[in-house]
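Okay, so here's the structure we're looking at.
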Amino acid sequence: MRAKSAVGDEGGPSDDGDGPNGGVVGPNGSVVSQHGGRQADTRAAAVLAVRDDATCRVREILDRVGDKRTLAVVSELGRGSHRFTELRRAVPGISQRMLISTLRGLERDGLVRRTVHPVVPPRVDYELTELGRTLLDTAWALMSWALEHMDQIDDARQEYDGR
């Protein structure tokens, strides 16, 4: 049996409760913040504020695809099929253990295909599946954003640390 969700059958939130961070979920799915009364497009935040099975699964998926190693591996595999050692060289700072763990998780989630070739010595190739390719634009956009705003983030960190 499924846990009760704050998201109704029509896809909107229920009218029974609080939104994330103490805001109240409005009738259109936005959360009216108690910090200045600003409304934000927070349909996703309203959904994530509920602790039901679907929300837990969404968080689990976001943990997988938002991981720094996952983004680097997906980005590299976006260039084409790679052998394990090629991936290890191409992704800076990743240990063999972490690369194995990342690849296994991506394979389990259907984002990466592992192909073992029957040759001696054994050869294993990794490539993105169709589902994995759908993640590429998002991964590249996130990495581009980080590169574009790196200096601003460094400045903000330095200012914060100087307080």
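The chains in the structure tokens are called A, B, ... from first to last as shown; in each chain the residues are counted from 1, and the ligands are counted from 1 in the order shown.
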
Residues of range 50-80 of chain A that have any atom at most 12 Å from an atom of range 119-126 of chain A: could you tabulate them with the shortest-distance atom pair and the distance in Å to one decimal, using only C-alpha atoms, ordered by chain and increasing number, as JSON lines?
```
{"residue": "A:Val73", "atom": "CA", "partner": "A:Tyr126", "partner_atom": "CA", "distance": 10.1}
{"residue": "A:Val74", "atom": "CA", "partner": "A:Tyr126", "partner_atom": "CA", "distance": 10.4}
{"residue": "A:Glu76", "atom": "CA", "partner": "A:Tyr126", "partner_atom": "CA", "distance": 10.5}
{"residue": "A:Leu77", "atom": "CA", "partner": "A:Tyr126", "partner_atom": "CA", "distance": 7.5}
{"residue": "A:Gly78", "atom": "CA", "partner": "A:Tyr126", "partner_atom": "CA", "distance": 10.7}
{"residue": "A:Arg79", "atom": "CA", "partner": "A:Tyr126", "partner_atom": "CA", "distance": 11.4}
{"residue": "A:Gly80", "atom": "CA", "partner": "A:Tyr126", "partner_atom": "CA", "distance": 8.7}
```

Dump of C-alpha atoms for the selected residues, as a CSV table (one decimal), in the first residue's frame:
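Just written: selection11.csv:
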```
chain,number,residue,atom,x,y,z
A,73,VAL,CA,31.8,9.7,-15.7
A,74,VAL,CA,28.6,10.5,-17.6
A,76,GLU,CA,33.2,11.4,-20.3
A,77,LEU,CA,31.0,8.6,-21.6
A,78,GLY,CA,29.1,11.2,-23.6
A,79,ARG,CA,32.2,11.3,-25.8
A,80,GLY,CA,31.8,7.6,-26.6
```

Nearby residues (only C-alpha atoms) at most 10 Å from range 94-100 of chain A, same-chain spacing under 3 positions excluded, as a PyMOL selection string: chain A and resi 69-70+72-73+84-85+87-91+103-106

Atomic distance CA of Leu131 in chain A - CA of Gly110 in chain A, expressed in Å with one decimal: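 One can read the CA of Leu131 in chain A to CA of Gly110 in chain A distance as 6.8 Å.
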
From A:Ala139, A:His149, A:Gln158, A:Gly93, residue lying nearest Leu62 in chain A [only C-alpha atoms]: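 Smallest separation from Leu62 in chain A among the options: A:Ala139.
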